[in-house]
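Q: Hey, dropping my_file-v9.cif in here, mmCIF, C-alpha atoms and all ligand atoms:
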data_input
loop_
_atom_site.label_atom_id
_atom_site.label_comp_id
_atom_site.auth_asym_id
_atom_site.auth_seq_id
_atom_site.Cartn_x
_atom_site.Cartn_y
_atom_site.Cartn_z
CA MET A 11 1.89 -5.36 -15.00
CA ASP A 12 5.02 -4.57 -12.96
CA ILE A 13 5.90 -6.64 -9.92
CA ALA A 14 5.33 -3.75 -7.53
CA THR A 15 1.68 -3.36 -8.46
CA ALA A 16 0.93 -7.06 -9.05
CA ALA A 17 -1.65 -8.55 -6.69
CA ALA A 18 0.05 -10.16 -3.72
CA PRO A 19 -0.63 -13.88 -3.51
CA ARG A 20 -1.62 -13.87 0.16
CA ALA A 21 -3.78 -10.74 0.07
CA ALA A 22 -7.12 -11.35 1.76
CA ALA A 23 -10.27 -10.55 -0.16
CA GLY A 24 -11.37 -7.01 0.51
CA VAL A 25 -8.02 -5.47 1.50
CA ASP A 26 -5.71 -4.84 -1.41
CA ARG A 27 -4.31 -1.97 -3.45
CA ALA A 28 -7.43 -1.51 -5.56
CA ALA A 29 -9.74 -1.42 -2.53
CA ALA A 30 -7.44 1.03 -0.74
CA ARG A 31 -7.34 3.28 -3.79
CA ALA A 32 -11.12 3.25 -4.08
CA PHE A 33 -11.39 3.98 -0.34
CA ALA A 34 -8.93 6.89 -0.59
CA ASP A 35 -10.69 8.35 -3.65
CA GLU A 36 -14.06 8.26 -1.91
CA HIS A 37 -13.27 9.02 1.72
CA ILE A 38 -9.90 10.83 1.80
CA VAL A 39 -8.93 12.74 -1.36
CA PRO A 40 -11.96 15.08 -1.45
CA PHE A 41 -11.53 16.11 2.21
CA ALA A 42 -7.77 16.08 2.85
CA ASP A 43 -7.24 19.80 2.32
CA ALA A 44 -10.06 20.70 4.68
CA TRP A 45 -8.60 18.40 7.36
CA ASP A 46 -5.19 19.95 6.79
CA ARG A 47 -6.65 23.43 7.38
CA ALA A 48 -8.66 22.25 10.40
CA GLY A 49 -5.62 20.48 11.87
CA ALA A 50 -7.54 17.28 12.55
CA VAL A 51 -9.28 14.37 10.88
CA PRO A 52 -12.89 13.69 11.90
CA GLU A 53 -13.95 10.78 14.05
CA GLU A 54 -16.16 9.63 11.17
CA LEU A 55 -13.04 8.93 9.06
CA LEU A 56 -11.55 6.75 11.80
CA GLU A 57 -14.77 4.72 11.77
CA GLN A 58 -14.72 4.46 7.96
CA ILE A 59 -11.15 3.15 8.11
CA ALA A 60 -12.33 0.58 10.66
CA ARG A 61 -15.25 -0.50 8.47
CA ALA A 62 -12.87 -0.92 5.53
CA GLY A 63 -10.61 -3.10 7.70
CA LEU A 64 -7.57 -0.89 7.11
CA TRP A 65 -6.30 -0.28 10.64
CA ALA A 66 -4.28 -3.48 11.02
CA PRO A 67 -5.08 -5.80 8.10
CA PHE A 68 -1.78 -7.67 8.52
CA LEU A 69 -3.01 -9.20 11.79
CA PRO A 70 -4.01 -12.83 11.30
CA VAL A 71 -7.66 -13.67 10.86
CA GLU A 72 -7.79 -15.30 14.31
CA LEU A 73 -6.78 -11.94 15.84
CA GLY A 74 -9.37 -10.04 13.84
CA GLY A 75 -7.21 -8.97 10.88
CA SER A 76 -7.25 -10.05 7.25
CA GLY A 77 -3.82 -11.69 7.22
CA VAL A 78 -2.49 -9.56 4.37
CA ASP A 79 1.22 -9.69 3.71
CA MET A 80 3.68 -6.81 3.87
CA VAL A 81 3.63 -6.24 0.09
CA THR A 82 -0.10 -5.61 0.31
CA LEU A 83 0.21 -3.54 3.48
CA ALA A 84 2.75 -1.27 1.79
CA ALA A 85 0.46 -0.87 -1.23
CA VAL A 86 -2.42 0.09 1.08
CA HIS A 87 -0.25 2.68 2.84
CA GLU A 88 0.88 4.07 -0.52
CA GLU A 89 -2.70 4.54 -1.66
CA VAL A 90 -3.72 6.18 1.60
CA GLY A 91 -0.58 8.36 1.45
CA ARG A 92 -1.52 9.43 -2.07
CA GLY A 93 -4.69 10.83 -0.53
CA CYS A 94 -3.42 12.30 2.72
CA SER A 95 -0.15 11.91 4.61
CA SER A 96 -1.84 12.73 7.92
CA VAL A 97 -4.11 9.72 7.57
CA ARG A 98 -1.19 7.54 6.45
CA SER A 99 0.72 8.73 9.54
CA LEU A 100 -2.13 7.59 11.78
CA LEU A 101 -2.05 4.21 10.05
CA THR A 102 1.73 4.06 10.42
CA VAL A 103 1.82 4.48 14.19
CA HIS A 104 -1.18 2.21 14.75
CA THR A 105 0.55 -0.39 12.56
CA MET A 106 3.76 -0.08 14.58
CA ALA A 107 1.97 -0.56 17.90
CA SER A 108 -0.23 -3.43 16.73
CA TRP A 109 2.61 -5.17 14.89
CA ALA A 110 4.81 -4.98 18.02
CA LEU A 111 1.94 -6.48 19.98
CA GLN A 112 1.54 -9.31 17.46
CA ARG A 113 5.30 -9.96 17.34
CA TRP A 114 6.12 -9.81 21.05
CA GLY A 115 2.80 -9.91 22.91
CA SER A 116 2.05 -12.66 25.41
CA PRO A 117 -1.15 -14.67 24.88
CA ALA A 118 -2.79 -12.55 27.59
CA GLN A 119 -1.69 -9.27 25.94
CA LEU A 120 -2.92 -10.47 22.56
CA ASP A 121 -6.20 -11.51 24.09
CA ARG A 122 -6.63 -8.12 25.73
CA TRP A 123 -5.69 -5.82 22.83
CA ALA A 124 -5.33 -7.46 19.41
CA ARG A 125 -8.95 -7.76 18.28
CA ASP A 126 -9.74 -4.23 19.42
CA MET A 127 -6.69 -2.94 17.54
CA ALA A 128 -7.61 -4.88 14.41
CA ALA A 129 -11.10 -3.38 14.51
CA GLY A 130 -9.91 0.15 15.29
CA ARG A 131 -11.76 0.18 18.62
CA VAL A 132 -8.36 0.78 20.26
CA LEU A 133 -5.95 3.06 18.40
CA GLY A 134 -2.23 2.80 19.07
CA ALA A 135 0.56 5.38 19.09
CA PHE A 136 4.34 5.13 19.23
CA CYS A 137 6.17 7.08 21.95
CA LEU A 138 9.92 7.23 21.53
CA SER A 139 10.91 10.87 20.90
CA GLU A 140 11.36 13.23 23.82
CA PRO A 141 12.07 16.96 24.01
CA GLY A 142 15.79 16.13 24.36
CA ALA A 143 16.04 12.96 22.26
CA GLY A 144 14.95 12.32 18.66
CA SER A 145 17.50 10.75 16.33
CA ASP A 146 19.49 9.66 19.36
CA ALA A 147 17.16 7.02 20.79
CA ALA A 148 19.81 6.08 23.35
CA GLY A 149 19.39 9.54 24.85
CA ILE A 150 15.84 9.01 26.16
CA THR A 151 15.38 9.90 29.83
CA THR A 152 11.90 8.50 30.51
CA THR A 153 12.31 5.92 33.26
CA ALA A 154 10.58 2.68 34.14
CA VAL A 155 11.43 1.64 37.67
CA ARG A 156 10.41 -1.68 39.17
CA GLU A 157 7.45 -1.32 41.53
CA GLY A 158 6.50 -4.70 43.00
CA ASP A 159 6.09 -6.97 40.00
CA GLY A 160 5.13 -4.00 37.79
CA TRP A 161 6.54 -0.60 36.83
CA ARG A 162 6.50 3.09 37.76
CA LEU A 163 6.79 5.25 34.63
CA ASN A 164 8.00 8.87 34.56
CA GLY A 165 8.91 11.11 31.64
CA VAL A 166 7.69 13.18 28.70
CA LYS A 167 7.26 11.98 25.11
CA THR A 168 6.74 14.44 22.29
CA TRP A 169 5.69 14.65 18.62
CA THR A 170 3.52 11.59 19.23
CA THR A 171 1.49 11.09 16.04
CA GLY A 172 -2.10 10.23 16.88
CA GLY A 173 -1.39 11.05 20.53
CA GLN A 174 -4.45 13.29 20.80
CA ARG A 175 -6.71 10.36 20.00
CA ALA A 176 -4.82 7.12 20.72
CA ASP A 177 -6.06 4.75 23.40
CA LEU A 178 -2.85 2.77 23.86
CA PHE A 179 0.71 4.10 23.87
CA LEU A 180 3.74 1.97 23.07
CA VAL A 181 6.27 3.73 25.29
CA PHE A 182 10.04 3.22 25.37
CA ALA A 183 11.70 3.87 28.71
CA ARG A 184 15.02 3.29 30.45
CA THR A 185 15.46 0.86 33.28
CA GLU A 186 18.64 0.54 35.33
CA SER A 187 20.18 -1.75 32.75
CA SER A 188 18.27 -1.53 29.46
CA THR A 189 15.39 -0.07 27.48
CA VAL A 190 11.90 -1.51 27.80
CA ALA A 191 8.76 -1.27 25.70
CA LEU A 192 5.59 -0.76 27.73
CA LEU A 193 1.93 -0.82 26.72
CA VAL A 194 0.37 2.15 28.52
CA PRO A 195 -3.41 2.69 28.32
CA ARG A 196 -4.28 6.34 27.89
CA ALA A 197 -6.75 6.00 30.75
CA SER A 198 -3.94 5.23 33.25
CA ALA A 199 -3.70 7.63 36.20
CA GLY A 200 -0.82 10.07 35.68
CA VAL A 201 -1.06 10.29 31.86
CA THR A 202 -1.54 13.83 30.50
CA VAL A 203 -2.03 14.54 26.78
CA ARG A 204 -1.23 18.01 25.41
CA PRO A 205 -2.15 18.60 21.74
CA LEU A 206 0.64 19.97 19.52
CA ASP A 207 -1.38 21.94 17.01
CA ASP A 208 -0.30 24.01 14.04
CA MET A 209 2.50 21.76 12.79
CA LEU A 210 3.96 22.61 9.37
CA GLY A 211 3.27 19.17 7.87
CA THR A 212 0.93 16.24 8.49
CA ARG A 213 -1.15 18.86 10.25
CA ALA A 214 -4.19 16.63 10.70
CA SER A 215 -2.32 13.73 12.32
CA LEU A 216 -3.40 14.61 15.88
CA ILE A 217 0.13 15.06 17.23
CA ALA A 218 0.56 15.43 21.00
CA GLN A 219 3.02 15.63 23.83
CA ILE A 220 2.37 12.97 26.46
CA ALA A 221 3.51 13.30 30.08
CA PHE A 222 3.77 10.23 32.31
CA GLU A 223 3.88 11.14 35.98
CA ASP A 224 4.23 8.26 38.42
CA VAL A 225 2.14 6.04 36.16
CA LEU A 226 1.79 2.66 37.88
CA LEU A 227 1.66 -0.30 35.51
CA GLY A 228 1.21 -4.01 36.11
CA PRO A 229 3.59 -6.73 34.90
CA ASP A 230 1.33 -7.16 31.87
CA ALA A 231 2.50 -3.77 30.52
CA LEU A 232 5.91 -5.11 29.50
CA LEU A 233 6.07 -6.01 25.80
CA GLY A 234 8.82 -8.42 24.86
CA PRO A 235 12.06 -8.94 26.75
CA SER A 236 13.30 -6.53 29.41
CA SER A 237 16.95 -7.49 29.27
CA PHE A 238 19.38 -8.49 26.56
CA ALA A 239 17.05 -8.28 23.56
CA SER A 240 14.93 -5.30 24.57
CA GLY A 241 16.33 -3.18 21.71
CA MET A 242 14.79 -5.59 19.23
CA VAL A 243 11.31 -4.28 19.97
CA LEU A 244 12.45 -0.76 19.16
CA SER A 245 14.44 -1.59 16.05
CA GLY A 246 11.82 -3.99 14.67
CA THR A 247 9.00 -1.54 15.18
CA LEU A 248 10.94 1.35 13.62
CA ASP A 249 11.79 -0.86 10.64
CA LEU A 250 8.11 -1.46 9.92
CA GLY A 251 7.28 2.21 10.45
CA ARG A 252 10.02 3.05 7.95
CA LEU A 253 8.41 0.80 5.34
CA SER A 254 5.10 2.54 5.88
CA VAL A 255 6.65 6.02 5.54
CA ALA A 256 8.48 4.89 2.40
CA ALA A 257 5.19 3.63 0.94
CA GLY A 258 3.44 6.86 1.92
CA SER A 259 6.21 8.80 0.16
CA VAL A 260 5.53 6.84 -3.03
CA GLY A 261 1.92 7.94 -2.64
CA ILE A 262 3.02 11.58 -2.43
CA ILE A 263 5.06 11.27 -5.63
CA GLN A 264 2.08 9.65 -7.38
CA ALA A 265 -0.20 12.47 -6.19
CA CYS A 266 2.31 15.08 -7.42
CA LEU A 267 2.48 13.34 -10.79
CA GLU A 268 -1.29 13.26 -11.17
CA ALA A 269 -1.69 16.90 -10.10
CA GLY A 270 1.19 18.02 -12.35
CA ALA A 271 -0.11 16.14 -15.39
CA ASP A 272 -3.68 17.43 -14.92
CA TYR A 273 -2.70 21.06 -14.44
CA SER A 274 -0.15 21.12 -17.24
CA THR A 275 -2.85 19.76 -19.58
CA GLU A 276 -5.30 22.54 -18.59
CA ARG A 277 -3.04 25.55 -18.23
CA THR A 278 -2.02 27.60 -21.25
CA VAL A 279 0.93 30.01 -21.05
CA GLY A 280 1.85 32.27 -24.00
CA GLY A 281 -0.32 30.19 -26.34
CA SER A 282 1.18 26.83 -25.33
CA ARG A 283 -0.15 24.29 -22.95
CA LEU A 284 2.28 23.66 -20.09
CA LYS A 285 2.37 20.00 -21.05
CA ASP A 286 4.01 20.91 -24.35
CA LEU A 287 6.86 22.90 -22.80
CA PRO A 288 10.10 20.86 -22.61
CA LEU A 289 11.07 22.04 -19.12
CA ILE A 290 7.66 21.03 -17.72
CA ARG A 291 7.84 17.68 -19.51
CA ALA A 292 11.25 17.09 -17.92
CA LYS A 293 9.74 17.53 -14.43
CA LEU A 294 6.93 15.10 -15.23
CA SER A 295 9.25 12.52 -16.76
CA ASP A 296 11.37 12.54 -13.59
CA MET A 297 8.21 11.99 -11.52
CA VAL A 298 7.16 9.05 -13.73
CA THR A 299 10.62 7.50 -13.39
CA ASP A 300 11.03 8.03 -9.65
CA VAL A 301 7.56 6.85 -8.69
CA ARG A 302 8.19 3.56 -10.47
CA ALA A 303 11.64 3.16 -8.94
CA ALA A 304 10.43 4.05 -5.44
CA ARG A 305 7.46 1.68 -5.70
CA LEU A 306 9.74 -1.17 -6.73
CA LEU A 307 12.15 -0.48 -3.84
CA VAL A 308 9.27 -0.50 -1.36
CA ALA A 309 7.83 -3.69 -2.83
CA GLU A 310 11.23 -5.36 -2.64
CA ALA A 311 11.73 -4.37 1.02
CA ALA A 312 8.22 -5.66 1.80
CA ARG A 313 8.80 -8.90 -0.11
CA LEU A 314 11.96 -9.53 1.92
CA LYS A 315 9.95 -8.96 5.11
CA ASP A 316 7.38 -11.50 3.95
CA ALA A 317 10.21 -13.94 3.26
CA GLY A 318 11.71 -13.35 6.73
CA ASP A 319 14.97 -12.29 5.11
CA PRO A 320 17.12 -9.99 7.32
CA ALA A 321 18.20 -8.17 4.15
CA THR A 322 14.86 -6.39 4.47
CA ILE A 323 16.36 -4.01 7.03
CA MET A 324 18.84 -2.44 4.59
CA ALA A 325 16.31 -2.68 1.76
CA THR A 326 13.86 -0.70 3.89
CA TRP A 327 16.44 1.98 4.70
CA VAL A 328 17.23 2.33 1.01
CA ALA A 329 13.55 2.41 0.01
CA LYS A 330 12.71 5.03 2.61
CA TYR A 331 15.72 7.19 1.75
CA PHE A 332 14.98 7.07 -1.97
CA ALA A 333 11.21 7.50 -1.69
CA SER A 334 11.21 10.29 0.91
CA THR A 335 13.90 12.39 -0.79
CA ALA A 336 12.22 11.89 -4.17
CA ALA A 337 8.86 12.90 -2.66
CA ALA A 338 10.35 16.12 -1.27
CA ARG A 339 11.96 16.88 -4.65
CA HIS A 340 8.83 16.20 -6.68
CA ALA A 341 6.52 18.02 -4.28
CA THR A 342 8.72 21.08 -4.86
CA GLU A 343 8.39 20.62 -8.62
CA ALA A 344 4.63 20.00 -8.46
CA LEU A 345 4.30 23.30 -6.62
CA GLN A 346 6.46 24.97 -9.25
CA ILE A 347 4.26 23.66 -12.08
CA HIS A 348 1.21 25.18 -10.38
CA GLY A 349 2.79 28.61 -9.94
CA ALA A 350 0.90 30.90 -7.56
CA LEU A 351 -2.10 28.57 -7.54
CA GLY A 352 -0.08 26.03 -5.57
CA PHE A 353 0.45 28.58 -2.82
CA SER A 354 -3.26 29.20 -2.42
CA SER A 355 -4.84 28.06 0.80
CA GLY A 356 -6.39 24.64 0.36
CA HIS A 357 -4.51 23.70 -2.82
CA PRO A 358 -3.20 20.14 -2.46
CA THR A 359 0.29 20.82 -3.86
CA GLY A 360 1.07 23.09 -0.90
CA ARG A 361 0.08 20.22 1.39
CA PHE A 362 2.19 17.71 -0.55
CA TYR A 363 5.16 20.08 -0.23
CA ARG A 364 4.81 20.39 3.55
CA ASP A 365 3.95 16.73 4.14
CA ALA A 366 6.77 15.40 1.97
CA LYS A 367 9.31 17.18 4.14
CA VAL A 368 8.03 15.39 7.24
CA ALA A 369 8.97 12.05 5.67
CA GLU A 370 12.59 13.20 5.54
CA VAL A 371 12.63 13.71 9.32
CA ILE A 372 10.68 10.79 10.78
CA GLU A 373 11.58 7.07 11.10
CA GLY A 374 15.25 7.93 10.57
CA SER A 375 16.07 11.33 9.11
CA THR A 376 17.73 11.64 5.70
CA GLU A 377 21.08 12.29 7.40
CA ILE A 378 20.82 9.21 9.61
CA GLN A 379 19.78 7.10 6.64
CA ARG A 380 22.74 8.23 4.58
CA LEU A 381 25.09 7.38 7.44
CA THR A 382 23.51 3.96 7.88
CA ILE A 383 23.45 3.07 4.20
CA ALA A 384 27.10 4.10 3.82
CA ASP A 385 28.04 1.87 6.76
CA GLU A 386 26.57 -1.06 4.91
CA ALA A 387 28.59 -0.26 1.80
CA PHE A 388 31.83 -0.40 3.76
CA ARG A 389 30.83 -3.61 5.51
CA ARG A 390 30.12 -5.33 2.21
CA TRP A 391 32.99 -4.05 0.17
CA THR A 392 35.73 -4.52 2.76
CA ALA A 393 34.63 -8.04 3.73
C1 LIG A 401 5.27 15.36 12.03
C2 LIG A 401 6.10 14.53 12.96
C3 LIG A 401 5.55 13.38 13.53
C4 LIG A 401 6.30 12.63 14.44
N1 LIG A 401 5.73 11.52 15.04
C5 LIG A 401 6.44 10.85 15.99
C6 LIG A 401 5.83 9.73 16.69
O1 LIG A 401 4.70 9.33 16.42
N2 LIG A 401 6.55 9.13 17.67
C7 LIG A 401 7.82 9.52 17.99
O2 LIG A 401 8.42 8.92 18.86
N3 LIG A 401 8.42 10.57 17.34
C8 LIG A 401 7.75 11.23 16.35
N4 LIG A 401 8.32 12.29 15.70
C9 LIG A 401 9.67 12.70 16.06
C10 LIG A 401 10.70 12.22 15.06
O3 LIG A 401 10.90 10.84 15.19
C11 LIG A 401 11.98 13.02 15.31
O4 LIG A 401 11.71 14.35 14.88
C12 LIG A 401 13.19 12.45 14.58
O5 LIG A 401 13.61 11.26 15.19
C13 LIG A 401 14.35 13.45 14.58
O6 LIG A 401 14.61 13.85 15.89
P1 LIG A 401 14.68 15.41 16.27
O7 LIG A 401 13.55 16.10 15.66
O8 LIG A 401 14.86 15.50 17.74
O9 LIG A 401 15.98 15.93 15.54
P2 LIG A 401 17.48 15.75 16.06
O10 LIG A 401 17.77 14.34 16.43
O11 LIG A 401 17.75 16.79 17.09
O12 LIG A 401 18.30 16.10 14.74
C14 LIG A 401 18.34 17.45 14.22
C15 LIG A 401 18.99 17.40 12.86
O13 LIG A 401 20.30 16.86 12.98
C16 LIG A 401 20.45 15.75 12.09
N5 LIG A 401 21.34 14.77 12.69
C17 LIG A 401 21.13 14.04 13.82
N6 LIG A 401 22.18 13.20 14.03
C18 LIG A 401 23.04 13.42 13.00
C19 LIG A 401 24.29 12.85 12.64
N7 LIG A 401 24.87 11.90 13.38
N8 LIG A 401 24.90 13.33 11.52
C20 LIG A 401 24.33 14.30 10.74
N9 LIG A 401 23.14 14.87 11.05
C21 LIG A 401 22.50 14.42 12.16
C22 LIG A 401 19.05 15.21 11.91
O14 LIG A 401 18.95 14.47 10.71
C23 LIG A 401 18.24 16.49 11.87
O15 LIG A 401 18.30 17.02 10.57
C24 LIG A 401 7.61 13.03 14.76
C25 LIG A 401 8.17 14.18 14.16
C26 LIG A 401 7.42 14.91 13.27
C27 LIG A 401 8.04 16.13 12.64
#
Translate this structure into structure tokens?
A:
Amino acid sequence: MDIATAAAPRAAAGVDRAAARAFADEHIVPFADAWDRAGAVPEELLEQIARAGLWAPFLPVELGGSGVDMVTLAAVHEEVGRGCSSVRSLLTVHTMASWALQRWGSPAQLDRWARDMAAGRVLGAFCLSEPGAGSDAAGITTTAVREGDGWRLNGVKTWTTGGQRADLFLVFARTESSTVALLVPRASAGVTVRPLDDMLGTRASLIAQIAFEDVLLGPDALLGPSSFASGMVLSGTLDLGRLSVAAGSVGIIQACLEAGADYSTERTVGGSRLKDLPLIRAKLSDMVTDVRAARLLVAEAARLKDAGDPATIMATWVAKYFASTAAARHATEALQIHGALGFSSGHPTGRFYRDAKVAEVIEGSTEIQRLTIADEAFRRWTA
């Protein structure tokens, strides 16, 4: 047993890799292509995820979660990502919002939201990107202006995963002197949700553009500090989202490997099975190698999070960079192995190909990751 797939010591009964795999095989894998074509997941799936306790299992038992550690959470997100990246994306953003709540929420905020988020009665979404600001988070123009002891929020957020369905938005906005994180209920007056349908990848992840027009919020909307440390909410939440996307990318590689091995066993070309052709075997051997390497990198980043070690931040960048680029590479090769069949509507390898590319854009694009990882090299080697 390798350390990445070993059972985590603090995993609660009922939520672990094996349970997540069984859940994905029963409730996700058979339907993922239909959801991809429909551009949405059904409400029934969201309820099944809730019944399986997968929305926010890292929350402590007293807040309605199962208290699983980050190693287990990453394994769960890998298994869900192996089935469907759209569903993993919904888990990612809900995880980011509920983790931020757990980390920075006041007792009153925890009391109001945490149990409902653990149970999936309230779904969270993460609103940072705007039409004019993606990689450059400092460029956001959404404003939060003091209004009495609360806030007046104005601006437009876009590409919000889960935005079509989420009940609670974690919104980042500028104040006169800093950036704040605000918990904004969807039901607030002045919130308008516009579905962004027909995306190339993660098509079923209910993406939306959200407009906030003179949304009045009470003092209880502010999550975490509003002054010197406000950026910590953003960076901490993105770091966890990055781990989830890295884990989901491992799931894509695993799915490509399984599809490639199955098809190359069945398909005969010129009297030979594909699996016996050296160039096909080379593709599969690279998948076997990279999925193991990526899984270990994700497990290591998660283990460092569980240990509270700040080295987790760089480890997570590295894991996400490796796993997402490998997923894009292997999804291309899985499609190649399937020939024209992979291009057919509803064939999973076409979906893996489109979904893998998304992971190279979100939670820090490949370019931003390379810049960041290189910075670290210079810091360490010139010290
Ligand atoms: C399917 C999907 C779901 C998403 N879900 C969410 C969500 O839930 N919440 C949310 O807030 N956002 C979400 N996003 C938005 C996502 O976070 C942004 O797309 C991402 O941050 C990149 O921003 P951008 O698209 O504006 O690209 P830009 O920032 O405009 O960048 C364009 C290109 O330039 C590159 N680039 C940027 N800076 C540099 C540099 N310094 N050097 C070299 N190259 C550079 C980028 O890597 C990219 O390739 C989602 C996006 C997608 C596609």
Q: For Leu216 in chain A, work out the shell of residues within 7 Å, counting only C-alpha atoms and skipping chain neighbours fewer than 4 positions away, then give it as number ranges by chain.
A: A: 50, 171-175
Q: Separation of CA of Arg125 in chain A and CA of Thr105 in chain A, in Å?
A: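 Value for the CA of Arg125 in chain A-CA of Thr105 in chain A distance: 13.3 Å.
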Q: Mind working out the centre and edge lengths of an axis-aligned box for ligand LIG 401 (chain A), all listed atoms inside, 4 Å added to each side, rounded to one decimal in Å and written as AutoDock Vina command-line options?
A:
--center_x 14.8 --center_y 13.2 --center_z 14.7 --size_x 28.2 --size_y 16.5 --size_z 16.3
Q: Could you please determine the separation between CA of Gly74 in chain A and CA of Leu248 in chain A in Å, to one decimal place?
A: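 We find that CA of Gly74 in chain A and CA of Leu248 in chain A lie 23.3 Å from each other.
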Q: Given the choices A:Ser96, A:Ser188, A:Thr202, A:Thr153, which gets closest to ligand LIG 401 (chain A) if the distance is worked out from all atoms listed in the file?
A: A:Ser96
Q: Considering all atoms listed in the file, can you say which of A:Glu53, A:Arg380, A:Phe182, A:Gly246 comes closest to Pro320 in chain A?
A: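 Selected residue with least distance to Pro320 in chain A: A:Gly246.
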Q: Which is closest to Arg131 in chain A among A:Gly63, A:Gly115, A:Pro205, A:Gly270, if we use only C-alpha atoms?
A: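 Counting only C-alpha atoms, the residue closest to Arg131 in chain A is A:Gly63.
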Q: Within 7 Å of (9.8, 10.3, 32.6), in the coordinates the file gives, what residues turn up when you count all atoms listed in the file, written out as an NGL selection string?
A: :A and (151-153 or 163-166 or 222-223)
Q: Give me the residues of chain A that have any atom at most 9 Å from an atom of ligand LIG 401 (chain A); for each, the nearest atom pair and the distance in Å, rounded to one decimal. Use only C-alpha atoms and all ligand atoms, sort by chain and number, and format it as a Markdown table.
A:
| residue | atom | partner | partner_atom | distance |
| --- | --- | --- | --- | --- |
| A:Ser96 | CA | A:LIG401 | C1 | 8.6 |
| A:Ser99 | CA | A:LIG401 | C3 | 7.8 |
| A:Leu100 | CA | A:LIG401 | O1 | 8.4 |
| A:Thr102 | CA | A:LIG401 | O1 | 8.5 |
| A:Val103 | CA | A:LIG401 | O1 | 6.1 |
| A:Ala135 | CA | A:LIG401 | O1 | 6.3 |
| A:Phe136 | CA | A:LIG401 | N2 | 4.8 |
| A:Cys137 | CA | A:LIG401 | O2 | 4.2 |
| A:Leu138 | CA | A:LIG401 | O2 | 3.5 |
| A:Ser139 | CA | A:LIG401 | O2 | 3.8 |
| A:Glu140 | CA | A:LIG401 | O2 | 7.2 |
| A:Pro141 | CA | A:LIG401 | O8 | 7.0 |
| A:Gly142 | CA | A:LIG401 | O8 | 6.7 |
| A:Ala143 | CA | A:LIG401 | O8 | 5.3 |
| A:Gly144 | CA | A:LIG401 | O6 | 3.2 |
| A:Ser145 | CA | A:LIG401 | O10 | 3.6 |
| A:Asp146 | CA | A:LIG401 | O10 | 5.8 |
| A:Ala147 | CA | A:LIG401 | O5 | 7.9 |
| A:Lys167 | CA | A:LIG401 | O2 | 7.1 |
| A:Thr168 | CA | A:LIG401 | N3 | 6.5 |
| A:Trp169 | CA | A:LIG401 | N4 | 4.6 |
| A:Thr170 | CA | A:LIG401 | O1 | 3.8 |
| A:Thr171 | CA | A:LIG401 | O1 | 3.7 |
| A:Gly172 | CA | A:LIG401 | O1 | 6.9 |
| A:Gly173 | CA | A:LIG401 | O1 | 7.5 |
| A:Val181 | CA | A:LIG401 | O2 | 8.5 |
| A:Phe182 | CA | A:LIG401 | O2 | 8.8 |
| A:Met209 | CA | A:LIG401 | C1 | 7.0 |
| A:Leu210 | CA | A:LIG401 | C1 | 7.8 |
| A:Gly211 | CA | A:LIG401 | C1 | 6.0 |
| A:Thr212 | CA | A:LIG401 | C1 | 5.7 |
| A:Arg213 | CA | A:LIG401 | C1 | 7.5 |
| A:Ser215 | CA | A:LIG401 | C1 | 7.8 |
| A:Ile217 | CA | A:LIG401 | C3 | 6.8 |
| A:Ala218 | CA | A:LIG401 | O1 | 8.7 |
| A:Asp365 | CA | A:LIG401 | C1 | 8.1 |
| A:Lys367 | CA | A:LIG401 | C27 | 8.7 |
| A:Val368 | CA | A:LIG401 | C27 | 5.5 |
| A:Ala369 | CA | A:LIG401 | C1 | 8.1 |
| A:Glu370 | CA | A:LIG401 | O14 | 8.3 |
| A:Val371 | CA | A:LIG401 | C12 | 5.4 |
| A:Ile372 | CA | A:LIG401 | O3 | 4.4 |
| A:Glu373 | CA | A:LIG401 | O3 | 5.6 |
| A:Gly374 | CA | A:LIG401 | O5 | 5.9 |
| A:Ser375 | CA | A:LIG401 | O14 | 4.6 |
| A:Thr376 | CA | A:LIG401 | O14 | 5.9 |
| A:Glu377 | CA | A:LIG401 | O14 | 4.5 |
| A:Ile378 | CA | A:LIG401 | O14 | 5.7 |
| A:Gln379 | CA | A:LIG401 | O14 | 8.5 |
| A:Arg380 | CA | A:LIG401 | C20 | 8.8 |
| A:Leu381 | CA | A:LIG401 | N8 | 7.2 |
Q: When you count all atoms listed in the file, which of these residues is closest to Ala311 in chain A: A:Leu55, A:Leu253, A:Val97, A:Ile347?
A: A:Leu253
